[in-house]
Amino acid sequence: MPATFTSRPAPKEYGEYYGRYISQLPDGDVLAIMRSQTDELMAMFAKVDDAKALHRYAPGKWSIKEVLGHMLDVERVFSHRALRMARADKTPLPGFEQDDYVAAANYDGRPLASLLDEWRHLRAANLTLFESFDEATLMRQGTASGYEFTVRALIWIMAGHERHHLNGLRANYL
C-alpha cells in the first residue's frame with residue numbers, strides 16, 4: 001500500500017543541522033509541496049535570461065545559475081541517499097562539499113534553459129520514485145554525512161532545501 005507523505009519527521013530521524021530545512025515547510029503532503037515547487041521555480045525563472053542568470057549579489061557569492069546548479073546537486077545527492085536507504089543498504093554514505101561541486105560543474109557555462117529542463121526531469125523522476133514507497137520504506141534508516149536519517153526525513157529535507165534556496169533567490173537575486 002502506498003505511503004502517506006503528511007507525517008513530518010521527528011528530530012531523531014535526522015541530524016540537528018537539517019532541521020533548518022524541514023522547519024521551512026508547512027504541514028501537509030510533502031510530495032504535493034515538491035510538485036508545487038517545480039511550478040514555482042519555473043515561474044520564478046520565466047523572466048530570467050542567460051545574462052541575468054550570471055548575476056551575483058555580492059563578490060564571492062554564487063551566480064543564479066550556480067544556485068540552481070547547487071539545487072540540482074543536492075537533489076541528486078539526497079535522492080541517491082533516499083534510494084540507498086529505501087533499498088535497505090546499510091553502507092554509511094559520505095558527505096559532499098557543496099562549494100567544490102559548484103566550482104567543478106561550470107554551471108555558468110550552460111544555458112539556463114538546460115538547467116531548468118534538467119531540474120524539471122530530475123524532480124519528476126524523484127517524485128515517481130518516492131510515490132512507490134510504502135510506510136515501512138519511509139521509516140528505513142541509514143547513515144549519511146555521519147548522521148542517521150530516515151528515508152522520510154531525506155524527502156522532507158529535499159523539499160526544505162529547495163524552499164530555502166527559492167527564498168534566497170527571491171531575497172537576493174530576483
# chains A, B, ... in the order shown; residues from 1 in each chain; ligands from 1

call {"tool": "select_by_dssp", "arguments": {"residues": "segment 34-134 of chain A", "states": "helix (DSSP H, G or I)", "output": "ChimeraX atom specification"}}
result
/A:34-45,52-54,64-86,98-105,107-109,112-131

call {"tool": "closest_atom_pairs", "arguments": {"of": "segment 69-162 of chain A", "to": "segment 13-22 of chain A", "cutoff": "9 Å", "atoms": "only C-alpha atoms", "output": "CSV"}}
result
residue,atom,partner,partner_atom,distance
A:Met139,CA,A:Glu13,CA,8.7
A:Gln141,CA,A:Glu13,CA,8.1
A:Gly146,CA,A:Gly15,CA,8.5
A:Tyr147,CA,A:Gly15,CA,5.4
A:Glu148,CA,A:Tyr14,CA,5.8
A:Phe149,CA,A:Tyr14,CA,4.5
A:Thr150,CA,A:Glu13,CA,5.3
A:Val151,CA,A:Glu13,CA,8.7
A:Arg152,CA,A:Glu13,CA,8.2
A:Ala153,CA,A:Glu13,CA,6.1
A:Leu154,CA,A:Tyr14,CA,7.9
A:Trp156,CA,A:Ile22,CA,5.8
A:Ile157,CA,A:Ile22,CA,5.4
A:Met158,CA,A:Tyr21,CA,8.0
A:Ala159,CA,A:Ile22,CA,7.7
A:Gly160,CA,A:Tyr21,CA,4.2
A:His161,CA,A:Tyr21,CA,5.3
A:Glu162,CA,A:Tyr21,CA,8.4

call {"tool": "write_last_selection", "arguments": {"atoms": "C-alpha atoms", "output": "short mmCIF file (atom, residue, chain, number, x, y, z; two decimals), in the first residue's frame"}}
result
data_model
loop_
_atom_site.label_atom_id
_atom_site.label_comp_id
_atom_site.auth_asym_id
_atom_site.auth_seq_id
_atom_site.Cartn_x
_atom_site.Cartn_y
_atom_site.Cartn_z
CA MET A 139 10.95 4.61 8.04
CA GLN A 141 17.24 4.25 8.25
CA GLY A 146 27.85 10.93 9.89
CA TYR A 147 24.15 11.32 10.77
CA GLU A 148 21.29 8.83 10.99
CA PHE A 149 18.37 9.58 8.66
CA THR A 150 15.08 8.00 7.76
CA VAL A 151 14.02 7.97 4.14
CA ARG A 152 11.07 10.16 5.14
CA ALA A 153 13.39 12.78 6.64
CA LEU A 154 15.52 12.90 3.48
CA TRP A 156 11.37 16.46 3.71
CA ILE A 157 14.93 17.83 3.75
CA MET A 158 15.00 17.89 -0.06
CA ALA A 159 11.79 19.92 -0.15
CA GLY A 160 13.02 22.21 2.64
CA HIS A 161 16.35 22.75 0.92
CA GLU A 162 14.54 23.85 -2.21
#

call {"tool": "closest_residue", "arguments": {"among": "A:Gln37, A:Ser79, A:Ser23, A:Ser7", "to": "Phe130 of chain A", "atoms": "only C-alpha atoms"}}
result
A:Ser79

call {"tool": "closest_atom_pairs", "arguments": {"of": "segment 81-173 of chain A", "to": "segment 42-52 of chain A", "cutoff": "8 Å", "atoms": "only C-alpha atoms", "output": "CSV"}}
result
residue,atom,partner,partner_atom,distance
A:Pro111,CA,A:Asp50,CA,6.4
A:Leu112,CA,A:Asp50,CA,5.7
A:Leu116,CA,A:Met42,CA,7.3

call {"tool": "residues_around", "arguments": {"residues": "Glu118 of chain A", "least_positions_apart": "6", "cutoff": "10 Å", "atoms": "only C-alpha atoms", "output": "MDAnalysis selection string"}}
result
chainID A and resid 69 72 112 124

call {"tool": "closest_residue", "arguments": {"among": "A:Asp134, A:Asn172, A:Ala3, A:His70", "to": "Ala86 of chain A", "atoms": "only C-alpha atoms"}}
result
A:Asp134

call {"tool": "select_by_dssp", "arguments": {"residues": "chain A", "states": "strand (DSSP E or B)", "output": "ChimeraX atom specification"}}
result
/A:93,141-144,147-150

call {"tool": "write_last_selection", "arguments": {"atoms": "N, CA and C atoms", "output": "mmCIF file, in the first residue's frame"}}
result
data_model
loop_
_atom_site.group_PDB
_atom_site.id
_atom_site.type_symbol
_atom_site.label_atom_id
_atom_site.label_comp_id
_atom_site.auth_asym_id
_atom_site.auth_seq_id
_atom_site.Cartn_x
_atom_site.Cartn_y
_atom_site.Cartn_z
ATOM 1 N N LEU A 93 27.111 6.491 4.023
ATOM 2 C CA LEU A 93 27.344 7.321 2.842
ATOM 3 C C LEU A 93 28.114 8.578 3.233
ATOM 4 N N GLN A 141 16.191 3.326 7.833
ATOM 5 C CA GLN A 141 17.237 4.255 8.254
ATOM 6 C C GLN A 141 18.575 3.914 7.626
ATOM 7 N N GLY A 142 19.403 4.928 7.589
ATOM 8 C CA GLY A 142 20.768 4.766 7.136
ATOM 9 C C GLY A 142 21.600 5.925 7.629
ATOM 10 N N THR A 143 22.871 5.868 7.305
ATOM 11 C CA THR A 143 23.815 6.893 7.752
ATOM 12 C C THR A 143 24.365 7.634 6.547
ATOM 13 N N ALA A 144 24.367 8.954 6.642
ATOM 14 C CA ALA A 144 24.982 9.811 5.613
ATOM 15 C C ALA A 144 25.595 11.012 6.320
ATOM 16 N N TYR A 147 25.430 11.206 10.068
ATOM 17 C CA TYR A 147 24.148 11.319 10.772
ATOM 18 C C TYR A 147 23.229 10.171 10.374
ATOM 19 N N GLU A 148 22.344 9.802 11.285
ATOM 20 C CA GLU A 148 21.293 8.830 10.990
ATOM 21 C C GLU A 148 20.098 9.567 10.402
ATOM 22 N N PHE A 149 19.546 9.016 9.329
ATOM 23 C CA PHE A 149 18.374 9.581 8.658
ATOM 24 C C PHE A 149 17.356 8.482 8.409
ATOM 25 N N THR A 150 16.094 8.873 8.356
ATOM 26 C CA THR A 150 15.085 8.001 7.757
ATOM 27 C C THR A 150 14.894 8.477 6.322
#
